[in-house]
>>> print(open('target-v2.cif').read())   # mmCIF, C-alpha atoms
data_entry
#
loop_
_atom_site.label_atom_id
_atom_site.label_comp_id
_atom_site.auth_asym_id
_atom_site.auth_seq_id
_atom_site.Cartn_x
_atom_site.Cartn_y
_atom_site.Cartn_z
CA MET A 1 0.08 -7.42 34.48
CA LEU A 2 -1.15 -7.55 30.91
CA GLN A 3 1.25 -5.74 28.60
CA ILE A 4 -0.58 -4.02 25.75
CA GLY A 5 1.36 -4.12 22.50
CA LYS A 6 3.53 -7.04 23.60
CA THR A 7 3.51 -10.82 23.39
CA ASN A 8 2.30 -12.17 26.73
CA THR A 9 2.55 -15.70 28.09
CA LEU A 10 -0.82 -16.36 29.75
CA THR A 11 -2.65 -19.31 31.28
CA ILE A 12 -5.87 -20.71 29.79
CA LEU A 13 -8.51 -20.27 32.52
CA ARG A 14 -11.71 -21.48 30.86
CA HIS A 15 -13.42 -22.02 27.54
CA THR A 16 -16.68 -20.29 26.60
CA SER A 17 -18.91 -20.01 23.54
CA VAL A 18 -17.07 -16.83 22.44
CA GLY A 19 -13.53 -18.05 23.06
CA ALA A 20 -11.02 -18.80 25.80
CA TYR A 21 -10.31 -16.55 28.76
CA LEU A 22 -6.66 -16.18 29.61
CA GLY A 23 -5.11 -14.89 32.81
CA ASP A 24 -1.82 -13.75 34.31
CA ASN A 25 -0.40 -14.13 37.82
CA GLU A 26 -2.14 -10.91 38.96
CA ASN A 27 -5.67 -12.18 38.24
CA SER A 28 -6.07 -10.09 35.09
CA GLU A 29 -8.15 -11.69 32.35
CA VAL A 30 -8.41 -11.23 28.59
CA LEU A 31 -10.47 -12.94 25.90
CA LEU A 32 -8.89 -14.94 23.11
CA PRO A 33 -11.69 -14.97 20.48
CA LEU A 34 -12.95 -18.35 19.35
CA LYS A 35 -11.40 -18.09 15.87
CA TYR A 36 -7.94 -18.15 17.46
CA VAL A 37 -8.64 -21.06 19.84
CA LYS A 38 -7.10 -24.33 18.69
CA GLY A 39 -8.25 -27.80 19.72
CA ASP A 40 -5.09 -28.53 21.69
CA MET A 41 -5.46 -25.48 23.96
CA ASN A 42 -6.36 -27.01 27.31
CA VAL A 43 -7.29 -25.30 30.57
CA GLY A 44 -4.23 -24.79 32.76
CA GLU A 45 -1.78 -24.63 29.86
CA ASN A 46 0.20 -21.54 28.85
CA VAL A 47 -0.15 -19.85 25.49
CA ASP A 48 1.73 -16.95 23.86
CA VAL A 49 -0.61 -14.23 22.63
CA PHE A 50 -0.35 -10.63 21.49
CA ILE A 51 -2.44 -8.11 23.47
CA TYR A 52 -3.99 -5.03 21.85
CA LYS A 53 -7.26 -3.08 21.59
CA ASP A 54 -9.79 -4.14 18.97
CA SER A 55 -11.97 -1.89 16.80
CA GLU A 56 -14.42 -1.50 19.71
CA ASP A 57 -11.60 -0.39 22.04
CA ARG A 58 -11.66 -3.62 24.04
CA ILE A 59 -8.45 -5.27 25.24
CA ILE A 60 -8.20 -8.49 23.28
CA ALA A 61 -5.74 -11.32 22.66
CA THR A 62 -4.68 -12.87 19.38
CA THR A 63 -2.35 -15.64 18.28
CA LEU A 64 -1.51 -13.59 15.16
CA LYS A 65 1.98 -12.12 15.23
CA PRO A 66 2.31 -8.45 14.25
CA PHE A 67 5.22 -7.28 12.12
CA ALA A 68 6.44 -5.28 15.13
CA GLU A 69 5.55 -4.76 18.79
CA VAL A 70 5.44 -1.68 21.00
CA GLY A 71 8.92 -0.26 21.48
CA GLU A 72 10.12 -1.41 18.06
CA PHE A 73 10.80 0.27 14.73
CA ALA A 74 9.22 -1.19 11.59
CA PHE A 75 8.82 -0.60 7.85
CA LEU A 76 5.08 -0.65 7.17
CA LYS A 77 2.76 0.06 4.27
CA VAL A 78 -0.09 2.60 4.31
CA VAL A 79 -3.35 0.87 3.40
CA SER A 80 -5.67 3.86 3.82
CA VAL A 81 -5.76 7.53 4.80
CA SER A 82 -8.64 9.10 6.72
CA LYS A 83 -9.46 12.43 8.36
CA ILE A 84 -7.49 11.43 11.47
CA GLY A 85 -4.35 10.02 9.89
CA ALA A 86 -2.84 7.13 7.96
CA PHE A 87 -3.54 3.47 8.69
CA LEU A 88 -0.70 0.98 8.24
CA ASP A 89 -0.80 -2.79 7.84
CA TRP A 90 1.12 -4.37 10.72
CA GLY A 91 -0.08 -7.94 10.36
CA LEU A 92 -3.26 -7.80 12.47
CA GLU A 93 -6.91 -7.43 11.54
CA LYS A 94 -6.99 -3.87 12.90
CA ASP A 95 -4.56 -1.55 11.12
CA ILE A 96 -2.34 0.75 13.18
CA LEU A 97 -2.86 4.52 13.08
CA VAL A 98 -0.26 7.22 12.47
CA PRO A 99 -2.05 10.47 13.46
CA PHE A 100 -1.33 13.45 11.24
CA LYS A 101 0.58 15.14 14.08
CA GLU A 102 2.91 12.11 14.23
CA GLN A 103 3.78 12.15 10.53
CA ARG A 104 7.22 13.56 9.78
CA HIS A 105 6.09 13.98 6.18
CA LYS A 106 2.59 13.52 4.80
CA MET A 107 1.86 9.84 4.24
CA PHE A 108 0.18 8.45 1.14
CA GLU A 109 -1.73 5.23 0.52
CA GLY A 110 0.38 2.48 -1.04
CA PHE A 111 3.69 3.86 0.20
CA GLU A 112 5.87 2.36 2.95
CA TYR A 113 7.42 4.23 5.87
CA VAL A 114 9.68 3.49 8.82
CA VAL A 115 7.76 4.07 12.05
CA PHE A 116 8.05 3.51 15.80
CA LEU A 117 5.24 1.82 17.75
CA TYR A 118 4.16 3.02 21.18
CA VAL A 119 1.14 3.15 23.50
CA ASP A 120 -0.60 6.51 23.66
CA GLU A 121 -0.72 7.57 27.32
CA VAL A 122 -4.21 9.08 27.07
CA SER A 123 -6.14 6.50 25.03
CA GLN A 124 -3.96 3.49 25.86
CA ARG A 125 -4.15 2.59 22.18
CA ILE A 126 -1.20 1.38 20.16
CA VAL A 127 -0.20 4.00 17.60
CA ALA A 128 2.79 4.67 15.38
CA THR A 129 4.89 7.70 14.51
CA SER A 130 7.38 8.55 11.78
CA LYS A 131 8.98 11.19 14.03
CA LEU A 132 11.72 8.87 15.18
CA ASN A 133 14.37 11.05 16.82
CA LYS A 134 12.73 11.19 20.24
CA PHE A 135 12.85 7.40 20.53
CA PHE A 136 16.56 6.85 19.92
CA LYS A 137 18.70 5.95 22.95
CA ASN A 138 21.94 7.63 21.85
CA ASP A 139 22.41 9.24 25.27
CA SER A 140 23.44 5.85 26.66
CA ILE A 141 25.06 3.87 23.85
CA GLU A 142 25.97 0.29 24.69
CA LEU A 143 28.01 -0.53 21.60
CA GLU A 144 31.68 -1.25 20.91
CA GLN A 145 33.82 -0.33 17.95
CA ALA A 146 33.87 -3.06 15.26
CA GLN A 147 30.78 -4.72 16.80
CA GLU A 148 28.41 -6.38 14.33
CA VAL A 149 24.93 -4.85 14.49
CA ASP A 150 21.49 -5.08 12.89
CA LEU A 151 20.40 -2.09 10.83
CA LEU A 152 17.15 -0.68 9.47
CA VAL A 153 17.66 2.09 6.89
CA TYR A 154 15.14 4.90 7.38
CA ASP A 155 16.38 7.97 5.50
CA GLU A 156 18.75 9.14 2.76
CA SER A 157 20.60 12.46 2.52
CA SER A 158 23.62 13.94 0.77
CA LEU A 159 25.79 12.55 3.59
CA GLY A 160 24.56 9.00 3.25
CA PHE A 161 21.95 6.73 4.83
CA SER A 162 20.52 7.16 8.31
CA CYS A 163 19.84 3.86 10.02
CA ILE A 164 18.47 2.39 13.23
CA ILE A 165 21.02 0.27 15.07
CA ASN A 166 19.83 -2.76 17.06
CA ASN A 167 16.34 -1.23 17.30
CA ALA A 168 17.75 1.42 19.65
CA TYR A 169 20.33 3.86 18.28
CA LYS A 170 20.65 6.29 15.41
CA GLY A 171 23.54 5.70 13.01
CA LEU A 172 24.87 6.93 9.69
CA ILE A 173 26.38 5.04 6.76
CA TYR A 174 28.41 7.59 4.80
CA ALA A 175 27.73 7.63 1.06
CA ASN A 176 31.41 7.13 0.19
CA ASP A 177 31.40 3.89 2.25
CA VAL A 178 28.50 2.36 0.30
CA TYR A 179 29.30 -0.17 -2.43
CA GLN A 180 25.85 -1.67 -2.94
CA ASP A 181 22.29 -0.57 -3.64
CA ILE A 182 20.56 0.59 -0.45
CA HIS A 183 16.97 1.73 0.00
CA THR A 184 14.78 2.96 2.84
CA GLY A 185 13.35 -0.04 4.66
CA ASP A 186 16.33 -2.32 4.02
CA PHE A 187 17.39 -4.58 6.88
CA LEU A 188 21.17 -4.99 6.84
CA LYS A 189 24.11 -6.24 8.85
CA GLY A 190 26.69 -3.59 9.69
CA TYR A 191 29.65 -2.78 11.93
CA VAL A 192 30.29 0.06 14.37
CA LYS A 193 32.97 2.19 12.76
CA LEU A 194 33.11 5.05 15.26
CA ILE A 195 31.18 6.31 18.29
CA ARG A 196 31.59 10.06 18.25
CA PRO A 197 31.82 12.32 21.33
CA ASP A 198 28.48 13.87 20.33
CA LYS A 199 26.91 10.38 20.60
CA LEU A 200 26.52 9.89 16.86
CA VAL A 201 27.46 6.47 15.52
CA ASP A 202 29.23 5.91 12.19
CA ILE A 203 28.43 2.58 10.59
CA SER A 204 30.29 0.51 8.00
CA LEU A 205 28.73 -2.25 5.94
CA GLN A 206 32.08 -4.04 5.88
CA PRO A 207 33.95 -5.44 8.90
CA VAL A 208 36.10 -2.74 10.49
CA GLY A 209 39.89 -2.71 10.32
CA PHE A 210 41.90 -5.83 9.55
CA LYS A 211 38.73 -7.97 9.64
CA ASN A 212 37.62 -6.00 6.60
CA VAL A 213 40.83 -6.88 4.78
CA LEU A 214 40.47 -10.56 5.65
CA SER A 215 36.86 -10.59 4.48
CA SER A 216 37.87 -8.90 1.23
CA THR A 217 40.72 -11.34 0.61
CA ASP A 218 38.20 -14.17 0.77
CA LEU A 219 36.09 -12.45 -1.89
CA ILE A 220 39.09 -11.98 -4.18
CA LEU A 221 40.28 -15.57 -3.72
CA GLU A 222 36.80 -16.87 -4.48
CA TYR A 223 36.69 -14.77 -7.65
CA LEU A 224 40.10 -16.09 -8.78
CA LYS A 225 39.09 -19.71 -8.21
CA ASN A 226 35.90 -19.21 -10.23
CA ASN A 227 37.62 -17.38 -13.11
CA ASP A 228 40.52 -19.62 -14.09
CA GLY A 229 42.84 -17.96 -11.56
CA VAL A 230 42.89 -14.59 -13.35
CA LEU A 231 41.69 -11.16 -12.21
CA ASP A 232 42.11 -8.35 -14.77
CA LEU A 233 42.41 -5.55 -12.20
CA THR A 234 45.58 -3.78 -11.06
CA ASP A 235 46.54 -0.89 -8.79
CA LYS A 236 45.96 1.32 -11.86
CA SER A 237 42.31 0.25 -12.18
CA SER A 238 39.73 2.91 -11.39
CA PRO A 239 37.85 2.91 -8.07
CA GLU A 240 34.62 2.53 -10.07
CA GLU A 241 35.83 -0.69 -11.73
CA ILE A 242 36.81 -2.17 -8.36
CA GLU A 243 33.58 -1.11 -6.71
CA GLN A 244 31.51 -2.61 -9.51
CA ARG A 245 33.36 -5.94 -9.33
CA PHE A 246 33.78 -6.39 -5.58
CA LYS A 247 31.66 -3.78 -3.78
CA MET A 248 34.75 -2.49 -1.94
CA SER A 249 36.92 0.60 -2.03
CA LYS A 250 40.18 0.75 -3.99
CA THR A 251 42.10 1.13 -0.71
CA THR A 252 40.60 -2.08 0.68
CA PHE A 253 41.27 -3.85 -2.61
CA LYS A 254 44.96 -2.88 -2.60
CA LYS A 255 45.37 -3.92 1.05
CA SER A 256 43.71 -7.26 0.34
CA ILE A 257 45.89 -7.94 -2.68
CA GLY A 258 48.92 -7.07 -0.54
CA VAL A 259 47.87 -9.60 2.10
CA LEU A 260 47.40 -12.32 -0.54
CA TYR A 261 50.75 -11.50 -2.13
CA ARG A 262 52.60 -11.74 1.20
CA GLN A 263 50.86 -15.05 1.81
CA ARG A 264 52.18 -16.19 -1.61
CA LYS A 265 48.68 -16.91 -2.81
CA VAL A 266 48.79 -14.57 -5.83
CA LEU A 267 51.24 -13.21 -8.36
CA LEU A 268 51.07 -9.58 -9.48
CA LYS A 269 51.62 -8.83 -13.15
CA GLU A 270 51.14 -5.74 -15.31
CA ASP A 271 47.86 -7.05 -16.72
CA GLY A 272 46.32 -8.35 -13.48
CA VAL A 273 46.39 -10.68 -10.51
CA TYR A 274 47.05 -14.42 -10.91
CA LEU A 275 46.25 -17.20 -8.47
CA VAL A 276 49.25 -19.25 -7.37
CA LYS A 277 48.50 -22.91 -7.92
CA GLU A 278 49.54 -25.38 -5.28
CA LYS A 279 51.58 -28.47 -6.08
CA THR A 280 50.37 -31.82 -4.91
CA ASP A 281 52.86 -31.75 -2.00
CA GLY A 282 51.30 -28.48 -0.76
CA ALA A 283 54.01 -26.13 -2.01
CA ALA A 284 53.11 -23.22 -4.26
CA GLU A 285 54.09 -23.31 -7.90
#
>>> encode(input="target-v2.cif", output="structure tokens")
Amino acid sequence: MLQIGKTNTLTILRHTSVGAYLGDNENSEVLLPLKYVKGDMNVGENVDVFIYKDSEDRIIATTLKPFAEVGEFAFLKVVSVSKIGAFLDWGLEKDILVPFKEQRHKMFEGFEYVVFLYVDEVSQRIVATSKLNKFFKNDSIELEQAQEVDLLVYDESSLGFSCIINNAYKGLIYANDVYQDIHTGDFLKGYVKLIRPDKLVDISLQPVGFKNVLSSTDLILEYLKNNDGVLDLTDKSSPEEIEQRFKMSKTTFKKSIGVLYRQRKVLLKEDGVYLVKEKTDGAAE
């Protein structure tokens, strides 16, 4: 069965003056217009194509790859606004529509928004919506604490940044856990910090627990090696200074320095942290 809004693997059935007809194992056919037909596409071979409806409402195939497929979230730019809604560039010749009723906030030409793509049940056309909550799958979360995940930031509030986890779940990065510039539309790597009883997911941008400390120790060691073995920060330094230098909290910084000290890799002095140099026989000086 042809899947509208998805990449389909189809068989080349025949070539015509207008293009190549492709088919699936249920005897469905779709036209791949001539401009997308390459010389090495032979009858009987398989080809990956994206299926959608063209401007004349015909089901059509293309070898172009959209920025996102049906069932996915994406960060897309509005290229025009009409009396029926906003049209967004999603990488194909025909722009995708966000009807006014599917706009969480009014959309404007030239601006970018996070949307979800789906097939309208009535028209069978691919459309998009910025009303995202109904598409999250937080009722059945298949995540584990400390798991690394892919994130798409879609909103900012006084609490922090709302994000989409693994193209499926809603998560939150608390503002006091952020040590870098973040904007709507950013794709990031993150870690599951906590799955709450109410099915909300807290996300950290740093590895959770001891992994975080180990990751931070590597950052500090790298800094020391690149700065003549000296770091002019101490446990009396302000959280702002530490955040600006290492994009980590003061608590994580102190834990990391403690780990390095116990490993005899650094010396702690009143004016900063010093890298312990190794002797040629491997022992620390």
>>> resolve_selection(input="target-v2.cif", expression="the PyMOL selection byres ((chain A and resi 266-281) around 12)", output="PyMOL selection string")
chain A and resi 217+220-237+253-254+256-265+282-285
>>> atom_distance(input="target-v2.cif", atom1="atom CA of Val70 of chain A", atom2="atom CA of Lys199 of chain A")
24.6 Å
>>> atom_distance(input="target-v2.cif", atom1="atom CA of Asp54 of chain A", atom2="atom CA of Leu32 of chain A")
11.6 Å
>>> closest_residue(input="target-v2.cif", among="A:Leu151, A:Ala61, A:Leu2, A:Ile51", to="Tyr21 of chain A", atoms="only C-alpha atoms")
A:Ala61
>>> residues_near_point(input="target-v2.cif", point="(32.6, 0.1, 9.2)", cutoff="12 Å", atoms="all atoms listed in the file", output="short mmCIF file (atom, residue, chain, number, x, y, z; two decimals) with C-alpha atoms, keeping the file's coordinate frame")
data_model
loop_
_atom_site.label_atom_id
_atom_site.label_comp_id
_atom_site.auth_asym_id
_atom_site.auth_seq_id
_atom_site.Cartn_x
_atom_site.Cartn_y
_atom_site.Cartn_z
CA GLU A 144 31.68 -1.25 20.91
CA GLN A 145 33.82 -0.33 17.95
CA ALA A 146 33.87 -3.06 15.26
CA GLN A 147 30.78 -4.72 16.80
CA GLU A 148 28.41 -6.38 14.33
CA VAL A 149 24.93 -4.85 14.49
CA GLY A 171 23.54 5.70 13.01
CA LEU A 172 24.87 6.93 9.69
CA ILE A 173 26.38 5.04 6.76
CA TYR A 174 28.41 7.59 4.80
CA ASN A 176 31.41 7.13 0.19
CA ASP A 177 31.40 3.89 2.25
CA VAL A 178 28.50 2.36 0.30
CA LYS A 189 24.11 -6.24 8.85
CA GLY A 190 26.69 -3.59 9.69
CA TYR A 191 29.65 -2.78 11.93
CA VAL A 192 30.29 0.06 14.37
CA LYS A 193 32.97 2.19 12.76
CA LEU A 194 33.11 5.05 15.26
CA ILE A 195 31.18 6.31 18.29
CA VAL A 201 27.46 6.47 15.52
CA ASP A 202 29.23 5.91 12.19
CA ILE A 203 28.43 2.58 10.59
CA SER A 204 30.29 0.51 8.00
CA LEU A 205 28.73 -2.25 5.94
CA GLN A 206 32.08 -4.04 5.88
CA PRO A 207 33.95 -5.44 8.90
CA VAL A 208 36.10 -2.74 10.49
CA GLY A 209 39.89 -2.71 10.32
CA PHE A 210 41.90 -5.83 9.55
CA LYS A 211 38.73 -7.97 9.64
CA ASN A 212 37.62 -6.00 6.60
CA VAL A 213 40.83 -6.88 4.78
CA MET A 248 34.75 -2.49 -1.94
CA THR A 252 40.60 -2.08 0.68
#
>>> atom_distance(input="target-v2.cif", atom1="atom CA of Ser249 of chain A", atom2="atom CA of Phe161 of chain A")
17.6 Å
>>> closest_residue(input="target-v2.cif", among="A:Ser215, A:Ile84, A:Glu112, A:Tyr179", to="Arg245 of chain A", atoms="all atoms listed in the file")
A:Tyr179
